[in-house]
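**Student:** This one is data-v3.csv, CSV, C-alpha atoms and all ligand atoms.
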```csv
chain,number,residue,atom,x,y,z
A,1,MET,CA,46.2,38.5,89.7
A,2,THR,CA,47.4,41.2,87.4
A,3,GLU,CA,45.2,44.3,87.4
A,4,LEU,CA,43.2,45.3,84.3
A,5,ARG,CA,43.7,48.8,82.8
A,6,PRO,CA,41.6,51.1,80.8
A,7,LEU,CA,42.2,51.0,77.0
A,8,GLY,CA,42.7,54.7,76.0
A,9,SER,CA,39.5,56.7,76.5
A,10,SER,CA,37.2,53.6,76.0
A,11,ASP,CA,35.3,51.8,78.8
A,12,LEU,CA,37.2,48.6,78.0
A,13,LEU,CA,39.4,47.2,80.8
A,14,VAL,CA,42.2,45.0,79.5
A,15,SER,CA,45.1,42.9,80.8
A,16,PRO,CA,48.6,44.3,80.2
A,17,LEU,CA,49.4,41.4,77.9
A,18,CYS,CA,47.2,40.9,74.9
A,19,LEU,CA,47.1,37.4,73.4
A,20,GLY,CA,47.9,37.3,69.7
A,21,GLY,CA,45.5,35.1,67.7
A,22,ASN,CA,47.3,34.7,64.3
A,23,VAL,CA,48.6,31.3,65.4
A,24,PHE,CA,45.1,29.8,65.9
A,25,GLY,CA,44.5,27.6,62.9
A,26,TRP,CA,48.0,28.4,61.5
A,27,THR,CA,50.9,27.2,63.7
A,28,ALA,CA,48.6,25.9,66.4
A,29,ASP,CA,45.9,23.4,65.5
A,30,LYS,CA,42.4,23.8,67.1
A,31,THR,CA,43.2,21.6,70.1
A,32,GLN,CA,46.4,23.5,70.9
A,33,SER,CA,44.7,26.8,70.3
A,34,LEU,CA,41.8,26.1,72.7
A,35,ALA,CA,44.4,25.0,75.3
A,36,VAL,CA,46.3,28.3,74.9
A,37,LEU,CA,43.1,30.3,75.2
A,38,ASP,CA,42.1,28.3,78.4
A,39,ALA,CA,45.5,28.8,80.0
A,40,TYR,CA,45.6,32.5,79.2
A,41,LEU,CA,42.1,33.1,80.7
A,42,ALA,CA,42.9,30.9,83.7
A,43,ALA,CA,46.0,33.1,84.4
A,44,GLY,CA,43.8,36.2,84.5
A,45,GLY,CA,44.2,37.4,80.8
A,46,ASN,CA,41.2,38.9,79.1
A,47,PHE,CA,42.4,40.6,75.9
A,48,ILE,CA,42.5,38.6,72.7
A,49,ASP,CA,43.6,39.9,69.3
A,50,THR,CA,42.6,38.4,66.0
A,51,SER,CA,41.6,39.4,62.4
A,52,ASP,CA,39.1,38.3,59.8
A,53,SER,CA,42.1,37.6,57.6
A,54,TYR,CA,44.1,35.2,59.9
A,55,MET,CA,45.8,33.4,58.5
A,56,ASN,CA,45.8,34.2,54.8
A,57,TYR,CA,49.4,35.2,54.5
A,58,PHE,CA,50.6,31.7,53.5
A,59,PRO,CA,47.9,30.2,51.2
A,60,GLU,CA,50.5,27.7,50.0
A,61,GLN,CA,50.4,26.2,53.5
A,62,GLY,CA,46.6,25.6,53.1
A,63,ASN,CA,45.5,28.3,55.6
A,64,GLU,CA,42.0,29.6,55.3
A,65,PRO,CA,41.3,33.2,56.4
A,66,GLY,CA,38.7,33.3,59.2
A,67,GLN,CA,40.0,30.2,61.0
A,68,SER,CA,41.4,32.2,63.9
A,69,GLU,CA,38.0,33.9,64.5
A,70,SER,CA,36.1,30.6,64.1
A,71,ILE,CA,38.3,28.9,66.7
A,72,ILE,CA,37.9,31.9,69.1
A,73,GLY,CA,34.1,31.8,68.4
A,74,ASP,CA,33.8,28.1,69.3
A,75,TRP,CA,35.9,28.7,72.4
A,76,LEU,CA,33.6,31.6,73.6
A,77,ALA,CA,30.5,29.6,72.9
A,78,THR,CA,31.6,26.3,74.5
A,79,ARG,CA,33.2,27.9,77.5
A,80,ARG,CA,30.3,30.4,77.9
A,81,ASN,CA,32.8,33.1,78.8
A,82,ARG,CA,31.9,35.9,76.3
A,83,ASP,CA,31.5,38.5,79.0
A,84,ASP,CA,34.9,37.7,80.6
A,85,VAL,CA,36.8,38.5,77.4
A,86,VAL,CA,37.7,41.6,75.4
A,87,VAL,CA,37.7,40.5,71.8
A,88,ALA,CA,39.5,42.6,69.2
A,89,THR,CA,39.3,41.8,65.6
A,90,LYS,CA,40.2,43.6,62.3
A,91,VAL,CA,38.8,44.5,58.9
A,92,GLY,CA,40.3,45.2,55.6
A,93,ASP,CA,42.6,42.3,54.7
A,94,HIS,CA,40.3,39.4,54.1
A,95,PRO,CA,40.6,38.3,50.4
A,96,LYS,CA,36.8,38.6,50.0
A,97,PHE,CA,36.5,41.9,51.8
A,98,MET,CA,39.8,43.6,50.9
A,99,GLY,CA,40.1,47.3,51.8
A,100,LEU,CA,38.2,49.8,53.9
A,101,ALA,CA,35.3,50.9,51.6
A,102,PRO,CA,32.2,51.5,53.8
A,103,ALA,CA,30.2,48.7,52.2
A,104,ASN,CA,33.1,46.3,52.7
A,105,ILE,CA,33.5,47.2,56.4
A,106,LYS,CA,29.8,46.6,57.0
A,107,ALA,CA,29.8,43.2,55.2
A,108,ALA,CA,33.0,42.0,56.8
A,109,ALA,CA,31.8,42.9,60.3
A,110,GLU,CA,28.8,40.7,59.8
A,111,GLU,CA,31.0,37.8,58.8
A,112,SER,CA,33.3,38.4,61.8
A,113,LEU,CA,30.3,38.4,64.2
A,114,ARG,CA,29.1,35.1,62.6
A,115,ARG,CA,32.5,33.4,63.0
A,116,LEU,CA,33.0,34.8,66.5
A,117,ARG,CA,29.5,33.6,67.5
A,118,THR,CA,28.8,36.8,69.2
A,119,ASP,CA,26.5,39.8,68.8
A,120,HIS,CA,29.2,42.4,69.4
A,121,ILE,CA,32.9,43.0,68.8
A,122,ASP,CA,34.6,44.8,71.7
A,123,LEU,CA,37.4,46.5,69.7
A,124,TYR,CA,37.2,46.8,65.9
A,125,TYR,CA,40.4,47.7,64.1
A,126,THR,CA,41.0,48.8,60.5
A,127,HIS,CA,43.8,46.4,59.6
A,128,PHE,CA,45.6,48.2,56.7
A,129,ASP,CA,44.9,51.7,55.4
A,130,ARG,CA,46.3,50.9,51.9
A,131,ASP,CA,43.9,52.9,49.7
A,132,GLU,CA,44.2,56.6,50.5
A,133,SER,CA,41.7,57.5,47.9
A,134,ILE,CA,39.0,56.4,50.4
A,135,PRO,CA,38.4,59.5,52.6
A,136,VAL,CA,39.0,58.8,56.3
A,137,ASP,CA,35.6,60.5,56.8
A,138,ASP,CA,33.9,57.6,55.0
A,139,ILE,CA,35.8,55.0,57.0
A,140,ILE,CA,34.9,56.6,60.4
A,141,THR,CA,31.3,57.1,59.4
A,142,ALA,CA,31.0,53.4,58.5
A,143,LEU,CA,32.6,52.4,61.9
A,144,ASP,CA,30.4,54.9,63.7
A,145,ASP,CA,27.3,53.2,62.2
A,146,LEU,CA,28.5,49.9,63.6
A,147,VAL,CA,29.0,51.4,67.1
A,148,LYS,CA,25.6,53.0,66.9
A,149,ALA,CA,24.0,49.7,66.0
A,150,GLY,CA,25.6,48.1,69.1
A,151,LYS,CA,27.7,45.7,66.9
A,152,VAL,CA,31.1,47.3,68.0
A,153,ARG,CA,31.9,48.8,71.4
A,154,ALA,CA,35.1,50.8,70.4
A,155,ILE,CA,37.1,51.4,67.3
A,156,ALA,CA,40.9,51.3,66.6
A,157,THR,CA,43.3,51.3,63.8
A,158,SER,CA,46.5,49.6,62.6
A,159,ASN,CA,49.1,50.2,59.8
A,160,ILE,CA,48.0,53.8,59.1
A,161,SER,CA,50.1,56.9,58.3
A,162,PRO,CA,50.3,59.5,61.1
A,163,GLU,CA,48.7,62.0,58.8
A,164,ARG,CA,45.6,59.8,58.1
A,165,LEU,CA,45.4,58.9,61.8
A,166,SER,CA,45.4,62.6,62.7
A,167,ALA,CA,42.8,63.4,60.1
A,168,SER,CA,40.6,60.5,61.4
A,169,LEU,CA,40.7,61.8,65.0
A,170,ALA,CA,39.9,65.4,63.8
A,171,PHE,CA,36.9,64.1,61.8
A,172,SER,CA,35.6,62.1,64.8
A,173,ASP,CA,36.0,65.2,67.1
A,174,ARG,CA,34.4,67.5,64.6
A,175,GLU,CA,31.4,65.3,63.8
A,176,GLY,CA,31.0,63.8,67.3
A,177,MET,CA,31.4,60.3,65.9
A,178,ALA,CA,33.2,57.3,67.3
A,179,ARG,CA,36.9,58.0,67.7
A,180,TYR,CA,39.8,55.6,67.5
A,181,VAL,CA,40.8,54.6,71.0
A,182,ALA,CA,44.0,52.7,70.1
A,183,LEU,CA,46.7,52.3,67.5
A,184,GLN,CA,48.2,48.9,66.8
A,185,PRO,CA,51.6,49.5,65.2
A,186,GLN,CA,54.5,47.1,64.6
A,187,TYR,CA,56.8,47.9,67.6
A,188,ASN,CA,59.5,46.0,69.4
A,189,LEU,CA,63.2,46.1,70.4
A,190,VAL,CA,64.3,45.5,66.8
A,191,SER,CA,61.6,47.6,65.1
A,192,ARG,CA,61.3,51.0,66.8
A,193,ASP,CA,61.0,53.5,63.9
A,194,THR,CA,57.8,51.9,62.9
A,195,TYR,CA,56.2,53.6,65.9
A,196,GLU,CA,58.5,56.0,67.7
A,197,GLY,CA,58.3,59.5,66.1
A,198,ALA,CA,55.3,60.9,64.3
A,199,ARG,CA,52.9,58.0,65.1
A,200,ARG,CA,53.7,58.0,68.7
A,201,ASP,CA,53.3,61.8,68.8
A,202,VAL,CA,49.8,61.5,67.4
A,203,VAL,CA,48.9,58.7,69.9
A,204,GLU,CA,50.2,60.8,72.8
A,205,ARG,CA,48.5,64.0,71.8
A,206,GLY,CA,45.2,62.2,71.0
A,207,GLY,CA,45.1,60.2,74.2
A,208,LEU,CA,45.1,56.8,72.4
A,209,ALA,CA,46.4,53.5,73.7
A,210,CYS,CA,49.3,51.9,71.9
A,211,VAL,CA,48.9,48.1,71.5
A,212,PRO,CA,52.0,46.9,69.7
A,213,TYR,CA,52.1,43.9,67.4
A,214,PHE,CA,55.0,41.5,66.7
A,215,ALA,CA,56.0,42.3,70.3
A,216,LEU,CA,58.5,39.4,70.2
A,217,ALA,CA,59.6,40.2,66.6
A,218,SER,CA,57.8,37.0,65.6
A,219,GLY,CA,59.9,35.0,68.1
A,220,PHE,CA,63.3,36.5,67.5
A,221,LEU,CA,63.3,38.2,70.9
A,222,THR,CA,62.9,34.8,72.7
A,223,GLY,CA,66.6,34.2,71.8
A,224,LYS,CA,66.1,31.1,69.7
A,225,TYR,CA,67.3,32.7,66.5
A,226,ARG,CA,71.1,33.2,66.4
A,227,PRO,CA,73.5,34.6,63.7
A,228,GLY,CA,74.4,32.1,61.0
A,229,LYS,CA,72.0,29.5,62.3
A,230,SER,CA,68.7,28.6,60.7
A,231,ILE,CA,66.0,26.9,62.6
A,232,GLU,CA,63.1,24.7,61.5
A,233,ASN,CA,60.3,27.3,61.7
A,234,VAL,CA,57.9,28.9,59.3
A,235,ARG,CA,58.8,32.3,60.8
A,236,ASP,CA,62.5,31.8,60.0
A,237,ILE,CA,62.2,34.1,56.9
A,238,PRO,CA,63.2,37.7,56.1
A,239,GLY,CA,60.3,40.0,57.2
A,240,LEU,CA,59.5,37.7,60.2
A,241,ALA,CA,61.8,36.4,62.9
A,242,GLY,CA,64.6,35.1,60.6
A,243,GLY,CA,65.5,38.5,59.3
A,244,TYR,CA,67.0,39.9,62.5
A,245,ALA,CA,69.6,37.4,63.7
A,246,ASP,CA,72.3,38.6,61.2
A,247,THR,CA,71.9,42.3,61.8
A,248,GLU,CA,74.2,44.2,64.1
A,249,ARG,CA,71.3,45.6,66.1
A,250,GLY,CA,69.8,42.1,66.5
A,251,VAL,CA,73.0,40.7,67.9
A,252,LYS,CA,73.3,43.7,70.4
A,253,VAL,CA,69.7,43.4,71.5
A,254,LEU,CA,70.1,39.6,72.1
A,255,ASP,CA,73.3,40.2,74.2
A,256,ALA,CA,71.5,42.8,76.4
A,257,LEU,CA,68.4,40.7,76.8
A,258,GLU,CA,70.5,37.7,77.7
A,259,ARG,CA,72.4,39.6,80.4
A,260,ILE,CA,69.4,41.2,82.0
A,261,ALA,CA,67.4,38.0,81.8
A,262,ALA,CA,70.2,36.0,83.6
A,263,ALA,CA,70.5,38.7,86.3
A,264,ARG,CA,66.7,38.6,86.9
A,265,GLY,CA,66.3,34.9,86.6
A,266,ALA,CA,63.8,35.6,83.8
A,267,GLU,CA,63.3,34.5,80.2
A,268,MET,CA,64.6,36.8,77.4
A,269,ALA,CA,61.0,37.0,76.0
A,270,THR,CA,59.8,38.2,79.4
A,271,VAL,CA,62.4,41.0,79.5
A,272,ALA,CA,61.7,42.0,75.9
A,273,LEU,CA,58.0,42.3,76.6
A,274,ALA,CA,58.6,44.2,79.9
A,275,TRP,CA,60.7,46.8,78.0
A,276,LEU,CA,57.9,47.3,75.5
A,277,GLY,CA,55.2,47.5,78.2
A,278,GLN,CA,57.2,50.2,80.0
A,279,GLN,CA,57.5,52.5,76.9
A,280,PRO,CA,55.5,55.7,76.8
A,281,THR,CA,51.9,55.3,75.5
A,282,VAL,CA,52.0,51.4,75.5
A,283,THR,CA,49.0,49.9,77.2
A,284,ALA,CA,49.3,46.2,76.2
A,285,PRO,CA,51.9,44.5,73.9
A,286,ILE,CA,50.4,41.7,71.8
A,287,ALA,CA,52.3,38.4,71.7
A,288,SER,CA,51.2,35.0,70.7
A,289,ALA,CA,51.9,31.5,72.1
A,290,ARG,CA,51.9,28.5,69.8
A,291,THR,CA,51.8,26.1,72.8
A,292,VAL,CA,50.7,26.3,76.5
A,293,GLU,CA,54.3,25.9,77.5
A,294,GLN,CA,55.3,29.2,75.8
A,295,LEU,CA,52.7,31.2,77.7
A,296,PRO,CA,54.3,31.6,81.2
A,297,ALA,CA,57.3,33.6,79.7
A,298,LEU,CA,54.8,36.0,78.1
A,299,LEU,CA,52.6,36.4,81.2
A,300,ALA,CA,55.5,36.9,83.5
A,301,ALA,CA,56.2,40.2,81.7
A,302,GLN,CA,53.1,41.7,83.4
A,303,ASP,CA,54.8,41.4,86.7
A,304,LEU,CA,58.4,42.3,85.8
A,305,ARG,CA,59.3,46.0,86.4
A,306,LEU,CA,62.6,46.9,84.8
A,307,SER,CA,64.8,49.5,86.4
A,308,ASP,CA,65.8,52.7,84.5
A,309,THR,CA,69.3,51.3,84.1
A,310,GLU,CA,67.9,48.1,82.5
A,311,LEU,CA,65.5,50.0,80.3
A,312,GLY,CA,68.4,52.3,79.3
A,313,ALA,CA,70.7,49.4,78.4
A,314,LEU,CA,68.0,47.8,76.2
A,315,THR,CA,67.2,51.1,74.5
A,316,ALA,CA,70.9,51.7,73.8
A,317,ALA,CA,71.4,48.2,72.4
A,318,SER,CA,68.4,48.7,70.1
A,319,SER,CA,69.4,52.1,68.8
A,401,LIG,N1,48.1,44.6,63.0
A,401,LIG,C1,48.8,43.8,62.2
A,401,LIG,O1,49.1,44.1,61.1
A,401,LIG,C2,49.5,42.6,62.8
A,401,LIG,C3,50.5,42.0,62.2
A,401,LIG,C4,51.1,40.9,62.8
A,401,LIG,C5,50.6,40.4,64.0
A,401,LIG,N2,49.6,41.0,64.6
A,401,LIG,C6,49.0,40.6,65.9
A,401,LIG,O2,50.1,40.5,66.8
A,401,LIG,C7,50.2,39.2,67.4
A,401,LIG,C8,51.6,39.0,67.7
A,401,LIG,O3,52.4,38.7,66.5
A,401,LIG,P1,53.0,37.3,66.2
A,401,LIG,O4,52.1,36.3,66.9
A,401,LIG,O5,53.1,37.2,64.7
A,401,LIG,O6,54.5,37.4,66.7
A,401,LIG,P2,55.1,37.6,68.1
A,401,LIG,O7,54.1,37.7,69.2
A,401,LIG,O8,56.1,38.6,68.0
A,401,LIG,O9,55.9,36.2,68.3
A,401,LIG,C9,55.2,35.1,68.8
A,401,LIG,C10,55.8,33.8,68.4
A,401,LIG,O10,57.0,33.6,69.1
A,401,LIG,C11,57.2,32.2,69.4
A,401,LIG,N3,57.2,32.2,70.9
A,401,LIG,C12,56.3,32.8,71.8
A,401,LIG,N4,56.7,32.5,73.1
A,401,LIG,C13,57.8,31.7,73.0
A,401,LIG,C14,58.6,31.2,74.0
A,401,LIG,N5,58.3,31.3,75.3
A,401,LIG,N6,59.6,30.4,73.6
A,401,LIG,C15,59.9,30.3,72.3
A,401,LIG,N7,59.2,30.8,71.3
A,401,LIG,C16,58.1,31.5,71.7
A,401,LIG,C17,56.0,31.5,68.9
A,401,LIG,O11,56.2,31.0,67.6
A,401,LIG,P3,57.0,29.7,67.2
A,401,LIG,O12,56.8,28.7,68.3
A,401,LIG,O13,56.3,29.2,66.0
A,401,LIG,O14,58.4,30.1,67.0
A,401,LIG,C18,54.9,32.6,68.8
A,401,LIG,O15,53.9,32.3,68.0
A,401,LIG,C19,49.6,38.3,66.3
A,401,LIG,O16,49.2,37.1,66.9
A,401,LIG,C20,48.4,39.2,65.9
A,401,LIG,O17,47.3,39.1,66.8
A,401,LIG,C21,49.0,42.1,64.0
```
In structure tokens, write the structure found in this file.
Ligand SMILES: NC(=O)c1ccc[n+]([C@@H]2O[C@H](COP(=O)([O-])OP(=O)(O)OC[C@H]3O[C@@H](n4cnc5c(N)ncnc54)[C@H](OP(=O)(O)O)[C@@H]3O)[C@@H](O)[C@H]2O)c1
**Tutor:**
Amino acid sequence: MTELRPLGSSDLLVSPLCLGGNVFGWTADKTQSLAVLDAYLAAGGNFIDTSDSYMNYFPEQGNEPGQSESIIGDWLATRRNRDDVVVATKVGDHPKFMGLAPANIKAAAEESLRRLRTDHIDLYYTHFDRDESIPVDDIITALDDLVKAGKVRAIATSNISPERLSASLAFSDREGMARYVALQPQYNLVSRDTYEGARRDVVERGGLACVPYFALASGFLTGKYRPGKSIENVRDIPGLAGGYADTERGVKVLDALERIAAARGAEMATVALAWLGQQPTVTAPIASARTVEQLPALLAAQDLRLSDTELGALTAASS
């Protein structure tokens, strides 16, 4: 069984592969979602990522925000496994609770608790820091109130500038308030400048954990998207998986992944996640599985240790 690891300076212990929850109620129906959650837990996983907004990005597909949390909540209640799982959710992108104004954070947290059918959220992220007119001091104070009330165990952030992240940490330290323990950036073999550089410097200096999202570049790094070929998939669009296949970097990364995967007898997805998991500051990449069959390739990354030569080849291909 893979060992759990501490998440930054928090007292949360998490598995090295975090299960992405944006598929639940989107590309995976409820039955499929429950099966993926069961299989992940049975394999020793304990770290589940969701948001109050999943999945509101494609309203034309009839998706309702909150469905992912509701499915996870029903799973926790029916399986009676709340204490075996670290539940991470996010605030700030639900259509009814958009943004990070303090009153909004408090109201959205209550809705998340209701949908998740729990009395506490283990890790609470700010999802998008879009409105910089809201002082970070107010955001941290609102989050600190939730921690003091026992509704949230630890706080974290996503999609934030390095400057606002630094300022948030400084405010927490100065005031002795709850402090972000993790950053969730977009980060993978075809998207590195979204994290490496200033954001990673702040994470490193501040002792935070990096929990990267889109760890498979929405599926591109599994190798099923190839240049000039389109596939029947909602993610085959620019901005998600479909945007990478026709780029020079995308082609080079797939070549390197294919070569290393063949030599190791592993899936390309496994190698891509292993590369990410071995990058400085990364605690647990987040990847989702639409079906139970997709899960083993993701879980295998927890046990694959790439050599310096293999890591170097992938880093060079993605530069
Ligand atoms: N903080 C943020 O702003 C933010 C933004 C986005 C995502 N996230 C979080 O990060 C998580 C991960 O992102 P993501 O789920 O969008 O993308 P991802 O993890 O990069 O890609 C996962 C997708 O790849 C495909 N896949 C997975 N394993 C596969 C396999 N073995 N073989 C073939 N295809 C496979 C599946 O989609 P198909 O089968 O449909 O191809 C799966 O849903 C999300 O679930 C969410 O929790 C956070």
**Student:** Taking all atoms listed in the file into account, report as JSON, numbers by chain which residues have an atom no farther than 7 Å from an atom of ligand LIG 401 (chain A).
**Tutor:** {"A": [19, 20, 21, 22, 23, 27, 49, 50, 127, 128, 158, 159, 184, 185, 186, 213, 214, 215, 216, 217, 218, 219, 222, 224, 233, 234, 235, 269, 286, 287, 288, 289, 290, 294, 295, 297, 298]}
**Student:** Each residue of region 139-222 of chain A with at least one atom at most 10 Å from region 88-107 of chain A should appear once, together with its nearest atom pair and the corresponding distance in Å (one decimal); atoms considered: all atoms listed in the file; ordering: chain, then increasing residue number; output as CSV.
**Tutor:**
```
residue,atom,partner,partner_atom,distance
A:Ile139,CA,A:Pro102,CA,6.0
A:Ile140,CA,A:Pro102,CA,8.8
A:Thr141,CA,A:Pro102,CA,8.0
A:Ala142,CA,A:Pro102,CA,5.2
A:Leu143,CA,A:Ile105,CA,7.6
A:Asp145,CA,A:Lys106,CA,8.8
A:Leu146,CA,A:Lys106,CA,7.5
A:Val152,CA,A:Ala88,CA,9.7
A:Ala154,CA,A:Ala88,CA,9.4
A:Ile155,CA,A:Ala88,CA,9.3
A:Ala156,CA,A:Lys90,CA,8.8
A:Thr157,CA,A:Lys90,CA,8.4
A:Ser158,CA,A:Lys90,CA,8.7
```
**Student:** Output C-alpha atoms for every residue in that selection, as a PDB file, in the frame of the given file.
**Tutor:**
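Result saved to out_24.pdb:
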```
ATOM      1  CA  ILE A 139      35.800  55.000  57.000  1.00  0.00           C
ATOM      2  CA  ILE A 140      34.900  56.600  60.400  1.00  0.00           C
ATOM      3  CA  THR A 141      31.300  57.100  59.400  1.00  0.00           C
ATOM      4  CA  ALA A 142      31.000  53.400  58.500  1.00  0.00           C
ATOM      5  CA  LEU A 143      32.600  52.400  61.900  1.00  0.00           C
ATOM      6  CA  ASP A 145      27.300  53.200  62.200  1.00  0.00           C
ATOM      7  CA  LEU A 146      28.500  49.900  63.600  1.00  0.00           C
ATOM      8  CA  VAL A 152      31.100  47.300  68.000  1.00  0.00           C
ATOM      9  CA  ALA A 154      35.100  50.800  70.400  1.00  0.00           C
ATOM     10  CA  ILE A 155      37.100  51.400  67.300  1.00  0.00           C
ATOM     11  CA  ALA A 156      40.900  51.300  66.600  1.00  0.00           C
ATOM     12  CA  THR A 157      43.300  51.300  63.800  1.00  0.00           C
ATOM     13  CA  SER A 158      46.500  49.600  62.600  1.00  0.00           C
TER      14      SER A 158
END
```
**Student:** Leaving out region 63-72 of chain A and any residue of its chain fewer than 2 positions from it, which residues lie within 7 Å of it when counting all atoms listed in the file, given as a list in words?
**Tutor:**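 These residues fall inside the cut-off: Gly21, Asn22, Phe24, Gly25, Trp26, Lys30, Thr50, Ser51, Asp52, Ser53, Tyr54, Met55, Asn56, Phe58, Pro59, Gln61, Asp74, Trp75, Leu76, His94, Arg115 and Leu116 of chain A.
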**Student:** What separation in Å, quoted to one decimal, exists between CA of Thr291 (chain A) and CA of Ser112 (chain A)?
**Tutor:**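 Spanning CA of Thr291 (chain A) to CA of Ser112 (chain A) is a straight-line distance of 24.8 Å.
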**Student:** Please measure the separation of CA of Leu17 (chain A) and CA of Cys210 (chain A), giving the value in Å to one decimal.
**Tutor:**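 CA of Cys210 (chain A) lies at a distance of 12.1 Å from CA of Leu17 (chain A).
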**Student:** Of the candidates A:Gly150, A:Pro135, A:Gly250, A:Gly243, which shows the shortest atom-to-atom distance to Asp122 (chain A), using only C-alpha atoms?
**Tutor:**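 Checking each candidate against Asp122 (chain A), we get A:Gly150 as the closest.
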**Student:** Per residue of region 11-36 of chain A within 12 Å of region 300-319 of chain A, which atom pair is closest and at what distance in Å (one decimal), using all atoms listed in the file, listed by chain and increasing number, as JSON lines?
**Tutor:**
```
{"residue": "A:Ser15", "atom": "CA", "partner": "A:Gln302", "partner_atom": "CA", "distance": 8.5}
{"residue": "A:Pro16", "atom": "CA", "partner": "A:Gln302", "partner_atom": "CA", "distance": 6.1}
{"residue": "A:Leu17", "atom": "CA", "partner": "A:Gln302", "partner_atom": "CA", "distance": 6.6}
{"residue": "A:Cys18", "atom": "CA", "partner": "A:Gln302", "partner_atom": "CA", "distance": 10.4}
```
**Student:** At what distance in Å, to one decimal, does CA of Gln279 (chain A) lie from CA of Ser172 (chain A)?
**Tutor:**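 Going from CA of Ser172 (chain A) over to CA of Gln279 (chain A) covers 26.8 Å.
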**Student:** Could you give me, as a PyMOL selection string, the residues within 12 Å of Glu204 (chain A), counting all atoms listed in the file and dropping anything in the same chain fewer than 5 positions from it?
**Tutor:** chain A and resi 8+162+166+181-183+195-199+209-210+279-283
**Student:** Counting all atoms listed in the file, which residue out of A:Leu273, A:Ala108, A:Leu13, A:Ile121 sits closest to Asn188 (chain A)?
**Tutor:**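 Of the candidates, the smallest distance to Asn188 (chain A) is held by A:Leu273.
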